[in-house]
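Listing of run_15.cif; format and content: mmCIF, C-alpha atoms and all ligand atoms.
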```
data_final
#
loop_
_atom_site.group_PDB
_atom_site.id
_atom_site.type_symbol
_atom_site.label_atom_id
_atom_site.label_comp_id
_atom_site.auth_asym_id
_atom_site.auth_seq_id
_atom_site.Cartn_x
_atom_site.Cartn_y
_atom_site.Cartn_z
ATOM 1 C CA MET A 10 25.766 1.004 8.533
ATOM 2 C CA SER A 11 29.437 1.059 7.607
ATOM 3 C CA ALA A 12 31.764 3.886 8.679
ATOM 4 C CA GLU A 13 32.442 5.206 5.174
ATOM 5 C CA GLN A 14 28.737 6.095 4.840
ATOM 6 C CA GLY A 15 29.086 8.957 7.357
ATOM 7 C CA SER A 16 29.234 11.751 4.767
ATOM 8 C CA SER A 17 26.749 10.235 2.304
ATOM 9 C CA PRO A 18 23.358 11.908 1.806
ATOM 10 C CA VAL A 19 20.445 10.168 3.537
ATOM 11 C CA ALA A 20 17.499 8.694 1.638
ATOM 12 C CA VAL A 21 14.397 7.069 3.112
ATOM 13 C CA VAL A 22 12.465 4.394 1.202
ATOM 14 C CA THR A 23 9.005 3.657 2.615
ATOM 15 C CA GLY A 24 7.830 0.212 1.575
ATOM 16 C CA GLY A 25 11.548 -0.529 1.282
ATOM 17 C CA ALA A 26 11.041 -4.188 2.195
ATOM 18 C CA GLY A 27 8.729 -4.843 -0.776
ATOM 19 C CA GLY A 28 9.522 -5.767 -4.380
ATOM 20 C CA ILE A 29 10.036 -2.310 -5.909
ATOM 21 C CA GLY A 30 11.171 -0.848 -2.561
ATOM 22 C CA ALA A 31 13.994 -3.366 -2.056
ATOM 23 C CA ALA A 32 15.237 -2.816 -5.630
ATOM 24 C CA THR A 33 15.194 0.924 -4.898
ATOM 25 C CA VAL A 34 17.202 0.437 -1.695
ATOM 26 C CA GLU A 35 19.812 -1.554 -3.609
ATOM 27 C CA THR A 36 20.046 1.032 -6.406
ATOM 28 C CA LEU A 37 20.272 4.043 -4.092
ATOM 29 C CA ARG A 38 22.999 2.314 -2.077
ATOM 30 C CA ARG A 39 24.902 1.714 -5.315
ATOM 31 C CA ASP A 40 24.483 5.437 -6.108
ATOM 32 C CA GLY A 41 26.137 6.340 -2.789
ATOM 33 C CA TRP A 42 23.130 7.161 -0.596
ATOM 34 C CA ARG A 43 22.865 6.130 3.046
ATOM 35 C CA VAL A 44 19.481 4.399 3.027
ATOM 36 C CA VAL A 45 16.745 3.883 5.618
ATOM 37 C CA VAL A 46 14.482 0.918 4.803
ATOM 38 C CA ALA A 47 11.187 2.039 6.356
ATOM 39 C CA ASP A 48 8.455 -0.580 6.293
ATOM 40 C CA ARG A 49 5.562 -1.994 8.277
ATOM 41 C CA ASP A 50 7.126 -5.452 7.873
ATOM 42 C CA ILE A 51 10.113 -4.893 10.152
ATOM 43 C CA ALA A 52 11.467 -8.464 9.850
ATOM 44 C CA LEU A 53 11.694 -8.118 6.067
ATOM 45 C CA ALA A 54 13.028 -4.548 6.413
ATOM 46 C CA HIS A 55 15.885 -5.942 8.548
ATOM 47 C CA GLU A 56 16.626 -8.582 5.893
ATOM 48 C CA VAL A 57 16.769 -5.991 3.096
ATOM 49 C CA ALA A 58 18.828 -3.602 5.228
ATOM 50 C CA ALA A 59 21.311 -6.348 6.112
ATOM 51 C CA ARG A 60 21.657 -7.308 2.432
ATOM 52 C CA HIS A 61 22.447 -3.744 1.354
ATOM 53 C CA ASP A 62 24.219 -2.283 4.381
ATOM 54 C CA ALA A 63 21.261 -0.009 5.142
ATOM 55 C CA ILE A 64 19.206 0.864 8.248
ATOM 56 C CA ALA A 65 15.839 -0.739 9.048
ATOM 57 C CA LEU A 66 13.006 1.304 10.544
ATOM 58 C CA ALA A 67 9.502 0.185 11.546
ATOM 59 C CA ILE A 68 6.842 2.522 10.174
ATOM 60 C CA ASP A 69 3.113 2.331 9.465
ATOM 61 C CA ILE A 70 2.423 5.218 7.116
ATOM 62 C CA GLY A 71 -1.268 4.910 7.990
ATOM 63 C CA ASP A 72 -0.425 6.188 11.483
ATOM 64 C CA ARG A 73 0.199 9.949 11.155
ATOM 65 C CA GLY A 74 1.789 10.337 14.597
ATOM 66 C CA GLY A 75 4.065 7.373 13.932
ATOM 67 C CA VAL A 76 5.204 8.889 10.642
ATOM 68 C CA GLU A 77 6.096 12.172 12.381
ATOM 69 C CA SER A 78 8.066 10.288 15.064
ATOM 70 C CA ALA A 79 9.842 8.215 12.398
ATOM 71 C CA ALA A 80 10.901 11.368 10.522
ATOM 72 C CA GLU A 81 12.211 12.937 13.741
ATOM 73 C CA TRP A 82 14.107 9.731 14.585
ATOM 74 C CA VAL A 83 15.796 9.586 11.171
ATOM 75 C CA GLU A 84 16.819 13.266 11.289
ATOM 76 C CA ARG A 85 18.222 12.844 14.805
ATOM 77 C CA GLU A 86 19.841 9.395 14.595
ATOM 78 C CA VAL A 87 20.818 9.019 10.932
ATOM 79 C CA GLY A 88 21.110 12.539 9.526
ATOM 80 C CA PRO A 89 19.374 15.190 7.431
ATOM 81 C CA VAL A 90 17.118 13.526 4.871
ATOM 82 C CA GLU A 91 17.801 14.642 1.274
ATOM 83 C CA GLY A 92 15.950 11.918 -0.601
ATOM 84 C CA LEU A 93 12.584 10.253 -0.096
ATOM 85 C CA ALA A 94 11.035 7.445 -2.131
ATOM 86 C CA ALA A 95 7.420 7.077 -0.969
ATOM 87 C CA VAL A 96 6.858 3.528 -2.221
ATOM 88 C CA ALA A 97 4.647 1.964 0.487
ATOM 89 C CA ALA A 98 1.088 1.190 -0.555
ATOM 90 C CA HIS A 99 -1.855 -1.062 0.164
ATOM 91 C CA LEU A 100 -2.445 -3.124 -3.013
ATOM 92 C CA GLU A 101 -5.843 -4.412 -4.185
ATOM 93 C CA ASN A 102 -7.255 -7.206 -6.302
ATOM 94 C CA PRO A 103 -9.663 -6.544 -9.201
ATOM 95 C CA HIS A 104 -13.361 -6.603 -8.278
ATOM 96 C CA ARG A 105 -16.716 -5.035 -9.168
ATOM 97 C CA PRO A 106 -17.616 -1.760 -7.407
ATOM 98 C CA GLU A 107 -20.895 -3.196 -6.047
ATOM 99 C CA ASN A 108 -18.800 -5.753 -4.146
ATOM 100 C CA GLN A 109 -16.492 -3.264 -2.449
ATOM 101 C CA ASP A 110 -15.239 -4.365 0.964
ATOM 102 C CA TRP A 111 -15.578 -1.134 2.950
ATOM 103 C CA ARG A 112 -12.957 -2.070 5.496
ATOM 104 C CA GLU A 113 -10.475 -2.543 2.670
ATOM 105 C CA TRP A 114 -11.620 0.763 1.108
ATOM 106 C CA ASP A 115 -10.855 2.564 4.382
ATOM 107 C CA ASP A 116 -7.461 0.850 4.719
ATOM 108 C CA ILE A 117 -6.459 1.733 1.154
ATOM 109 C CA LEU A 118 -7.426 5.393 1.579
ATOM 110 C CA ARG A 119 -5.737 5.607 4.989
ATOM 111 C CA VAL A 120 -2.464 4.149 3.707
ATOM 112 C CA ASN A 121 -2.206 5.261 0.061
ATOM 113 C CA LEU A 122 -3.840 8.683 0.267
ATOM 114 C CA THR A 123 -3.504 10.004 3.823
ATOM 115 C CA GLY A 124 -0.365 7.953 4.547
ATOM 116 C CA THR A 125 1.483 9.156 1.464
ATOM 117 C CA PHE A 126 0.578 12.779 2.219
ATOM 118 C CA ALA A 127 1.668 12.344 5.859
ATOM 119 C CA THR A 128 4.973 10.820 4.669
ATOM 120 C CA LEU A 129 5.693 13.657 2.248
ATOM 121 C CA THR A 130 4.941 16.386 4.768
ATOM 122 C CA ALA A 131 6.777 14.733 7.698
ATOM 123 C CA PHE A 132 9.980 14.043 5.747
ATOM 124 C CA GLY A 133 9.624 17.167 3.588
ATOM 125 C CA ARG A 134 9.731 19.523 6.585
ATOM 126 C CA GLY A 135 13.498 19.129 7.151
ATOM 127 C CA MET A 136 14.153 19.418 3.402
ATOM 128 C CA LEU A 137 12.270 22.731 3.352
ATOM 129 C CA ARG A 138 14.268 24.034 6.306
ATOM 130 C CA ARG A 139 17.524 23.165 4.556
ATOM 131 C CA ARG A 140 16.189 24.160 1.091
ATOM 132 C CA ARG A 141 17.353 20.887 -0.388
ATOM 133 C CA GLY A 142 15.563 17.654 -1.222
ATOM 134 C CA ALA A 143 14.276 15.260 -3.865
ATOM 135 C CA ILE A 144 11.095 13.276 -3.389
ATOM 136 C CA VAL A 145 9.746 10.529 -5.630
ATOM 137 C CA THR A 146 6.223 9.226 -5.148
ATOM 138 C CA VAL A 147 4.883 6.033 -6.684
ATOM 139 C CA GLY A 148 1.663 6.242 -8.657
ATOM 140 C CA SER A 149 0.504 3.607 -11.124
ATOM 141 C CA ILE A 150 -0.797 3.410 -14.683
ATOM 142 C CA THR A 151 -4.208 2.868 -13.038
ATOM 143 C CA ALA A 152 -4.025 6.560 -12.045
ATOM 144 C CA PHE A 153 -4.511 7.584 -15.689
ATOM 145 C CA ASN A 154 -7.279 5.250 -16.776
ATOM 146 C CA SER A 155 -10.226 3.132 -15.822
ATOM 147 C CA SER A 156 -9.360 -0.163 -14.064
ATOM 148 C CA PRO A 157 -11.073 -2.753 -11.847
ATOM 149 C CA LEU A 158 -9.018 -1.545 -8.849
ATOM 150 C CA GLN A 159 -11.894 0.447 -7.351
ATOM 151 C CA ALA A 160 -10.152 2.036 -4.354
ATOM 152 C CA TYR A 161 -6.493 1.691 -5.334
ATOM 153 C CA GLY A 162 -6.847 3.486 -8.718
ATOM 154 C CA PRO A 163 -8.428 6.657 -7.278
ATOM 155 C CA THR A 164 -5.789 6.824 -4.526
ATOM 156 C CA LYS A 165 -3.027 6.576 -7.136
ATOM 157 C CA ALA A 166 -4.671 9.391 -9.150
ATOM 158 C CA ALA A 167 -4.642 11.438 -5.937
ATOM 159 C CA ILE A 168 -0.917 10.744 -5.489
ATOM 160 C CA LEU A 169 -0.242 12.236 -8.944
ATOM 161 C CA ASN A 170 -2.226 15.305 -7.988
ATOM 162 C CA MET A 171 -0.568 15.765 -4.577
ATOM 163 C CA SER A 172 2.898 15.282 -6.103
ATOM 164 C CA ARG A 173 2.267 18.118 -8.547
ATOM 165 C CA ASN A 174 0.835 20.314 -5.784
ATOM 166 C CA LEU A 175 3.904 19.856 -3.602
ATOM 167 C CA ALA A 176 6.255 20.252 -6.577
ATOM 168 C CA VAL A 177 4.836 23.738 -7.120
ATOM 169 C CA VAL A 178 4.514 24.881 -3.529
ATOM 170 C CA TRP A 179 7.964 23.558 -2.519
ATOM 171 C CA GLY A 180 9.834 24.220 -5.775
ATOM 172 C CA ARG A 181 11.277 27.609 -4.828
ATOM 173 C CA SER A 182 12.365 26.164 -1.497
ATOM 174 C CA GLY A 183 14.704 23.749 -3.271
ATOM 175 C CA VAL A 184 12.560 20.609 -2.999
ATOM 176 C CA ARG A 185 11.691 18.633 -6.136
ATOM 177 C CA VAL A 186 8.735 16.219 -6.235
ATOM 178 C CA ASN A 187 8.199 13.718 -9.044
ATOM 179 C CA CYS A 188 6.112 10.600 -9.500
ATOM 180 C CA VAL A 189 6.910 7.298 -11.205
ATOM 181 C CA CYS A 190 3.965 5.291 -12.502
ATOM 182 C CA PRO A 191 4.731 1.581 -12.821
ATOM 183 C CA GLY A 192 2.849 -0.752 -15.105
ATOM 184 C CA PRO A 193 2.525 -4.459 -14.247
ATOM 185 C CA THR A 194 5.744 -5.242 -12.378
ATOM 186 C CA ARG A 195 7.011 -8.739 -11.557
ATOM 187 C CA THR A 196 7.411 -8.348 -7.801
ATOM 188 C CA PRO A 197 7.176 -11.401 -5.510
ATOM 189 C CA ALA A 198 3.660 -10.261 -4.446
ATOM 190 C CA VAL A 199 2.479 -9.975 -8.058
ATOM 191 C CA GLU A 200 4.099 -13.319 -8.964
ATOM 192 C CA ALA A 201 2.130 -14.877 -6.076
ATOM 193 C CA SER A 202 -1.036 -13.264 -7.446
ATOM 194 C CA TYR A 203 -0.315 -14.863 -10.870
ATOM 195 C CA ALA A 204 0.170 -18.212 -9.138
ATOM 196 C CA ARG A 205 -3.233 -17.861 -7.392
ATOM 197 C CA GLY A 206 -4.872 -17.066 -10.759
ATOM 198 C CA GLU A 207 -5.957 -13.545 -9.724
ATOM 199 C CA ARG A 208 -4.019 -11.968 -12.618
ATOM 200 C CA ASP A 209 -2.841 -13.428 -15.928
ATOM 201 C CA PRO A 210 0.668 -12.395 -17.006
ATOM 202 C CA GLN A 211 0.050 -13.256 -20.681
ATOM 203 C CA THR A 212 -3.024 -11.000 -20.846
ATOM 204 C CA MET A 213 -0.956 -8.207 -19.302
ATOM 205 C CA ILE A 214 1.966 -8.743 -21.693
ATOM 206 C CA ARG A 215 -0.424 -8.387 -24.672
ATOM 207 C CA GLN A 216 -1.241 -4.839 -23.478
ATOM 208 C CA THR A 217 2.413 -3.736 -23.512
ATOM 209 C CA ALA A 218 4.270 -2.205 -26.455
ATOM 210 C CA LEU A 219 7.524 -3.957 -25.507
ATOM 211 C CA GLY A 220 5.988 -7.428 -25.151
ATOM 212 C CA ARG A 221 7.182 -7.926 -21.600
ATOM 213 C CA LEU A 222 6.353 -7.025 -18.047
ATOM 214 C CA VAL A 223 8.285 -4.493 -15.949
ATOM 215 C CA ARG A 224 11.000 -5.638 -13.511
ATOM 216 C CA PRO A 225 11.322 -4.061 -10.035
ATOM 217 C CA GLN A 226 14.796 -2.875 -11.091
ATOM 218 C CA ASP A 227 13.297 -0.916 -14.021
ATOM 219 C CA VAL A 228 11.185 1.121 -11.590
ATOM 220 C CA ALA A 229 14.088 1.505 -9.146
ATOM 221 C CA ASN A 230 16.260 2.932 -11.939
ATOM 222 C CA ALA A 231 13.662 5.623 -12.674
ATOM 223 C CA ILE A 232 13.282 6.485 -8.970
ATOM 224 C CA ALA A 233 17.062 6.738 -8.510
ATOM 225 C CA PHE A 234 17.391 8.970 -11.578
ATOM 226 C CA LEU A 235 14.637 11.353 -10.439
ATOM 227 C CA MET A 236 16.295 11.518 -7.022
ATOM 228 C CA SER A 237 19.736 12.243 -8.487
ATOM 229 C CA GLU A 238 21.409 15.557 -9.350
ATOM 230 C CA GLY A 239 21.051 14.526 -12.996
ATOM 231 C CA ALA A 240 17.347 15.327 -12.636
ATOM 232 C CA CYS A 241 17.924 18.716 -10.959
ATOM 233 C CA ALA A 242 15.694 20.574 -13.465
ATOM 234 C CA ILE A 243 12.868 18.021 -13.332
ATOM 235 C CA THR A 244 9.939 18.494 -10.969
ATOM 236 C CA GLY A 245 6.193 17.908 -11.080
ATOM 237 C CA VAL A 246 6.356 15.148 -13.697
ATOM 238 C CA GLU A 247 4.747 11.731 -13.913
ATOM 239 C CA LEU A 248 7.037 9.145 -15.490
ATOM 240 C CA PRO A 249 5.353 5.925 -16.610
ATOM 241 C CA VAL A 250 7.593 2.850 -16.294
ATOM 242 C CA ASP A 251 5.122 0.531 -17.961
ATOM 243 C CA ALA A 252 6.720 -1.229 -20.950
ATOM 244 C CA GLY A 253 4.417 0.945 -23.066
ATOM 245 C CA VAL A 254 0.971 0.005 -21.672
ATOM 246 C CA LEU A 255 -0.245 3.624 -21.725
ATOM 247 C CA ALA A 256 0.918 4.001 -25.330
ATOM 248 C CA THR A 257 -1.053 0.990 -26.623
ATOM 249 C CA GLN A 258 -4.475 2.445 -25.742
ATOM 250 C CA CYS A 259 -6.180 2.514 -29.180
ATOM 251 C CA TRP A 260 -4.475 -0.557 -30.647
ATOM 252 C CA GLY A 261 -7.065 -2.958 -29.245
ATOM 253 C CA MET A 262 -9.517 -1.486 -31.820
ATOM 254 C CA TYR A 263 -7.101 -2.386 -34.625
ATOM 255 C CA GLY A 264 -6.366 -5.980 -33.690
ATOM 256 C CA GLY A 265 -3.861 -5.350 -30.902
ATOM 257 C CA VAL A 266 -0.172 -4.504 -30.725
ATOM 258 C CA PRO A 267 1.713 -5.714 -33.856
ATOM 259 C CA ASP A 268 4.238 -8.539 -33.548
ATOM 260 C CA ALA A 269 7.959 -7.935 -34.234
ATOM 261 C CA VAL A 270 8.793 -7.623 -37.935
ATOM 262 C CA ASP A 271 10.933 -10.368 -39.490
ATOM 263 C CA ALA A 272 14.593 -9.362 -39.655
HETATM 264 N N1 LIG A 301 3.870 -4.336 -8.674
HETATM 265 C C1 LIG A 301 3.138 -3.684 -9.561
HETATM 266 O O1 LIG A 301 2.714 -4.230 -10.596
HETATM 267 C C2 LIG A 301 2.834 -2.212 -9.349
HETATM 268 C C3 LIG A 301 2.186 -1.517 -10.384
HETATM 269 C C4 LIG A 301 1.900 -0.177 -10.199
HETATM 270 C C5 LIG A 301 2.265 0.451 -9.023
HETATM 271 N N2 LIG A 301 2.878 -0.249 -8.033
HETATM 272 C C6 LIG A 301 3.231 0.473 -6.824
HETATM 273 O O2 LIG A 301 4.584 0.232 -6.495
HETATM 274 C C7 LIG A 301 4.764 0.355 -5.094
HETATM 275 C C8 LIG A 301 5.474 -0.869 -4.549
HETATM 276 O O3 LIG A 301 4.661 -1.987 -4.775
HETATM 277 P P1 LIG A 301 5.235 -3.463 -4.852
HETATM 278 O O4 LIG A 301 4.648 -4.062 -6.073
HETATM 279 O O5 LIG A 301 6.686 -3.468 -4.626
HETATM 280 O O6 LIG A 301 4.439 -4.111 -3.622
HETATM 281 P P2 LIG A 301 4.951 -4.908 -2.337
HETATM 282 O O7 LIG A 301 3.719 -5.426 -1.676
HETATM 283 O O8 LIG A 301 6.029 -5.861 -2.710
HETATM 284 O O9 LIG A 301 5.600 -3.749 -1.454
HETATM 285 C C9 LIG A 301 4.843 -2.858 -0.694
HETATM 286 C C10 LIG A 301 5.590 -2.649 0.612
HETATM 287 O O10 LIG A 301 4.896 -1.644 1.352
HETATM 288 C C11 LIG A 301 4.806 -2.078 2.685
HETATM 289 N N3 LIG A 301 3.644 -1.438 3.299
HETATM 290 C C12 LIG A 301 2.334 -1.688 3.041
HETATM 291 N N4 LIG A 301 1.567 -0.919 3.817
HETATM 292 C C13 LIG A 301 2.399 -0.175 4.588
HETATM 293 C C14 LIG A 301 2.206 0.788 5.591
HETATM 294 N N5 LIG A 301 0.971 1.126 6.008
HETATM 295 N N6 LIG A 301 3.283 1.367 6.152
HETATM 296 C C15 LIG A 301 4.545 1.016 5.784
HETATM 297 N N7 LIG A 301 4.791 0.087 4.853
HETATM 298 C C16 LIG A 301 3.733 -0.496 4.249
HETATM 299 C C17 LIG A 301 4.681 -3.590 2.628
HETATM 300 O O11 LIG A 301 5.064 -4.195 3.866
HETATM 301 C C18 LIG A 301 5.619 -3.912 1.475
HETATM 302 O O12 LIG A 301 6.933 -4.162 1.945
HETATM 303 C C19 LIG A 301 3.380 0.580 -4.505
HETATM 304 O O13 LIG A 301 3.181 1.969 -4.335
HETATM 305 C C20 LIG A 301 2.464 0.057 -5.584
HETATM 306 O O14 LIG A 301 1.190 0.649 -5.540
HETATM 307 C C21 LIG A 301 3.180 -1.572 -8.165
#
```
Let me see the file written as structure tokens.
Ligand SMILES: NC(=O)c1ccc[n+]([C@@H]2O[C@H](COP(=O)([O-])OP(=O)(O)OC[C@H]3O[C@@H](n4cnc5c(N)ncnc54)[C@H](O)[C@@H]3O)[C@@H](O)[C@H]2O)c1
Amino acid sequence: MSAEQGSSPVAVVTGGAGGIGAATVETLRRDGWRVVVADRDIALAHEVAARHDAIALAIDIGDRGGVESAAEWVEREVGPVEGLAAVAAHLENPHRPENQDWREWDDILRVNLTGTFATLTAFGRGMLRRRRGAIVTVGSITAFNSSPLQAYGPTKAAILNMSRNLAVVWGRSGVRVNCVCPGPTRTPAVEASYARGERDPQTMIRQTALGRLVRPQDVANAIAFLMSEGACAITGVELPVDAGVLATQCWGMYGGVPDAVDA
């Protein structure tokens, strides 16, 4: 961390070593935050932190005690946390419900549901004391609709619900809580999934209004805005960053999304 960062507000990004997380770290640094890259993959967290003059921290959000210790460490060693982007999640591949791997089910619930709640409460405590903070959770478009992500989708729906709950209960204590809901985003992990044939980018693009997939930077921009003073009157919202997937719902019944008109 460079010396001139001393007076900057502190933001923590869980999952900060991943595709959307790393883009968020970069954007928050550009916006003047001092950033903690908190991730289970500490080697990658160090790489991202080194690239953006940030601080790496090992965290497994599925370990409640570890999350509490991490929050205490950041408050003590880095400074009072004013911003939190709760990005970390256990992803899942499409499958039929009858074929659910129960170990994976337990992992997804432990990380996405319990882990996100543990993260919000551990890092939110200091914000409540100081009556100042902005939290952004990361849902998904699968939170709104049916999908073949049998465990992941329900946990993302729960994240929307818990974000609204905390937005209300913490609102008068000066803490805002909002949720961004990405559509299919071209992160390195998703690109690898395309390469393995588990997902088809062209099929996904057909479901978008804009005719393209989302970039990690697009999601990072929304997170940084919701965390900024510019969003000081916004709390308890879900913001889709999905290139219009949610808006295309009924168009499949009418032949799909129309092509661009000729100029
Ligand atoms: N990529 C997409 O298409 C997409 C779509 C909708 C929502 N999302 C959401 O966006 C967020 C970021 O996803 P991404 O696509 O960048 O994935 P990613 O796999 O690139 O990043 C996830 C990061 O979280 C970390 N992580 C996983 N489990 C953890 C744990 N228990 N404790 C701490 N860190 C942990 C991983 O090490 C990784 O760095 C996730 O919440 C995901 O559900 C992504």
Report as a PDB file with C-alpha atoms, in the coordinates of the input the full result of the PyMOL selection byres (((not hetatm)) within 8 of (chain A and resi 301)) when it is applied to this structure.
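Once everything was written out, this is selection_25.pdb:
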```
ATOM      1  CA  THR A  23       9.005   3.657   2.615  1.00  0.00           C
ATOM      2  CA  GLY A  24       7.830   0.212   1.575  1.00  0.00           C
ATOM      3  CA  GLY A  25      11.548  -0.529   1.282  1.00  0.00           C
ATOM      4  CA  ALA A  26      11.041  -4.188   2.195  1.00  0.00           C
ATOM      5  CA  GLY A  27       8.729  -4.843  -0.776  1.00  0.00           C
ATOM      6  CA  GLY A  28       9.522  -5.767  -4.380  1.00  0.00           C
ATOM      7  CA  ILE A  29      10.036  -2.310  -5.909  1.00  0.00           C
ATOM      8  CA  GLY A  30      11.171  -0.848  -2.561  1.00  0.00           C
ATOM      9  CA  ALA A  31      13.994  -3.366  -2.056  1.00  0.00           C
ATOM     10  CA  ALA A  47      11.187   2.039   6.356  1.00  0.00           C
ATOM     11  CA  ASP A  48       8.455  -0.580   6.293  1.00  0.00           C
ATOM     12  CA  ARG A  49       5.562  -1.994   8.277  1.00  0.00           C
ATOM     13  CA  ASP A  50       7.126  -5.452   7.873  1.00  0.00           C
ATOM     14  CA  LEU A  53      11.694  -8.118   6.067  1.00  0.00           C
ATOM     15  CA  ALA A  54      13.028  -4.548   6.413  1.00  0.00           C
ATOM     16  CA  ALA A  67       9.502   0.185  11.546  1.00  0.00           C
ATOM     17  CA  ILE A  68       6.842   2.522  10.174  1.00  0.00           C
ATOM     18  CA  ASP A  69       3.113   2.331   9.465  1.00  0.00           C
ATOM     19  CA  ILE A  70       2.423   5.218   7.116  1.00  0.00           C
ATOM     20  CA  GLY A  71      -1.268   4.910   7.990  1.00  0.00           C
ATOM     21  CA  ASP A  72      -0.425   6.188  11.483  1.00  0.00           C
ATOM     22  CA  ALA A  95       7.420   7.077  -0.969  1.00  0.00           C
ATOM     23  CA  VAL A  96       6.858   3.528  -2.221  1.00  0.00           C
ATOM     24  CA  ALA A  97       4.647   1.964   0.487  1.00  0.00           C
ATOM     25  CA  ALA A  98       1.088   1.190  -0.555  1.00  0.00           C
ATOM     26  CA  HIS A  99      -1.855  -1.062   0.164  1.00  0.00           C
ATOM     27  CA  LEU A 100      -2.445  -3.124  -3.013  1.00  0.00           C
ATOM     28  CA  VAL A 120      -2.464   4.149   3.707  1.00  0.00           C
ATOM     29  CA  ASN A 121      -2.206   5.261   0.061  1.00  0.00           C
ATOM     30  CA  GLY A 124      -0.365   7.953   4.547  1.00  0.00           C
ATOM     31  CA  THR A 146       6.223   9.226  -5.148  1.00  0.00           C
ATOM     32  CA  VAL A 147       4.883   6.033  -6.684  1.00  0.00           C
ATOM     33  CA  GLY A 148       1.663   6.242  -8.657  1.00  0.00           C
ATOM     34  CA  SER A 149       0.504   3.607 -11.124  1.00  0.00           C
ATOM     35  CA  ILE A 150      -0.797   3.410 -14.683  1.00  0.00           C
ATOM     36  CA  THR A 151      -4.208   2.868 -13.038  1.00  0.00           C
ATOM     37  CA  TYR A 161      -6.493   1.691  -5.334  1.00  0.00           C
ATOM     38  CA  LYS A 165      -3.027   6.576  -7.136  1.00  0.00           C
ATOM     39  CA  CYS A 190       3.965   5.291 -12.502  1.00  0.00           C
ATOM     40  CA  PRO A 191       4.731   1.581 -12.821  1.00  0.00           C
ATOM     41  CA  GLY A 192       2.849  -0.752 -15.105  1.00  0.00           C
ATOM     42  CA  PRO A 193       2.525  -4.459 -14.247  1.00  0.00           C
ATOM     43  CA  THR A 194       5.744  -5.242 -12.378  1.00  0.00           C
ATOM     44  CA  ARG A 195       7.011  -8.739 -11.557  1.00  0.00           C
ATOM     45  CA  THR A 196       7.411  -8.348  -7.801  1.00  0.00           C
ATOM     46  CA  PRO A 197       7.176 -11.401  -5.510  1.00  0.00           C
ATOM     47  CA  ALA A 198       3.660 -10.261  -4.446  1.00  0.00           C
ATOM     48  CA  VAL A 199       2.479  -9.975  -8.058  1.00  0.00           C
ATOM     49  CA  VAL A 223       8.285  -4.493 -15.949  1.00  0.00           C
ATOM     50  CA  PRO A 225      11.322  -4.061 -10.035  1.00  0.00           C
TER      51      PRO A 225
END
```
Closest pair table for segment 160-202 of chain A residues within 12 Å of segment 107-119 of chain A, only C-alpha atoms, as a Markdown table:
```
| residue | atom | partner | partner_atom | distance |
| --- | --- | --- | --- | --- |
| A:Ala160 | CA | A:Trp114 | CA | 5.8 |
| A:Tyr161 | CA | A:Ile117 | CA | 6.5 |
| A:Gly162 | CA | A:Ile117 | CA | 10.0 |
| A:Pro163 | CA | A:Leu118 | CA | 9.0 |
| A:Thr164 | CA | A:Leu118 | CA | 6.5 |
| A:Lys165 | CA | A:Leu118 | CA | 9.8 |
| A:Ala166 | CA | A:Leu118 | CA | 11.8 |
| A:Ala167 | CA | A:Leu118 | CA | 10.0 |
| A:Ile168 | CA | A:Leu118 | CA | 11.0 |
```
Neighbours of Gly183 of chain A within 12 Å (all atoms listed in the file; same-chain residues fewer than 2 positions away dropped), as a list in words?
-> Glu91, Gly133, Arg134, Gly135, Met136, Leu137, Arg138, Arg139, Arg140, Arg141, Gly142, Ala143, Ile144, Leu175, Ala176, Val177, Val178, Trp179, Gly180, Arg181, Arg185, Val186, Cys241, Ala242, Ile243 and Thr244 of chain A
Discussion item. I'd like the neighbourhood of Phe234 of chain A as a list of chain:residue names, where a residue qualifies if any of its atoms comes within 12 Å (using all atoms listed in the file), though same-chain residues fewer than 2 positions away should be ignored.
Written reply: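 My list of contacting residues is A:Thr33, A:Thr36, A:Leu37, A:Asp40, A:Gly92, A:Ala94, A:Ala143, A:Ile144, A:Val145, A:Asn187, A:Cys188, A:Val189, A:Asp227, A:Val228, A:Ala229, A:Asn230, A:Ala231, A:Ile232, A:Met236, A:Ser237, A:Glu238, A:Gly239, A:Ala240, A:Cys241, A:Ala242, A:Ile243, A:Leu248.
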Quiz item: Contacts of segment 211-217 of chain A at 10 Å or less, counting all atoms listed in the file, minus same-chain residues fewer than 5 places along, as a list of chain:residue names?
Solution: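 Answer for this query is A:Gly192, A:Pro193, A:Tyr203, A:Leu222, A:Val223, A:Asp251, A:Ala252, A:Gly253, A:Val254, A:Leu255, A:Ala256, A:Thr257, A:Gln258, A:Trp260, A:Gly261, A:Gly265, A:Val266, A:Pro267.
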If you keep C-alpha atoms, can you produce a file of those selected residues as a short mmCIF file (atom, residue, chain, number, x, y, z; two decimals), in the frame of the given file?
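Result saved to result03.cif:
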```
data_model
loop_
_atom_site.label_atom_id
_atom_site.label_comp_id
_atom_site.auth_asym_id
_atom_site.auth_seq_id
_atom_site.Cartn_x
_atom_site.Cartn_y
_atom_site.Cartn_z
CA GLY A 192 2.85 -0.75 -15.10
CA PRO A 193 2.52 -4.46 -14.25
CA TYR A 203 -0.32 -14.86 -10.87
CA LEU A 222 6.35 -7.02 -18.05
CA VAL A 223 8.28 -4.49 -15.95
CA ASP A 251 5.12 0.53 -17.96
CA ALA A 252 6.72 -1.23 -20.95
CA GLY A 253 4.42 0.94 -23.07
CA VAL A 254 0.97 0.00 -21.67
CA LEU A 255 -0.24 3.62 -21.72
CA ALA A 256 0.92 4.00 -25.33
CA THR A 257 -1.05 0.99 -26.62
CA GLN A 258 -4.47 2.44 -25.74
CA TRP A 260 -4.47 -0.56 -30.65
CA GLY A 261 -7.06 -2.96 -29.24
CA GLY A 265 -3.86 -5.35 -30.90
CA VAL A 266 -0.17 -4.50 -30.72
CA PRO A 267 1.71 -5.71 -33.86
#
```
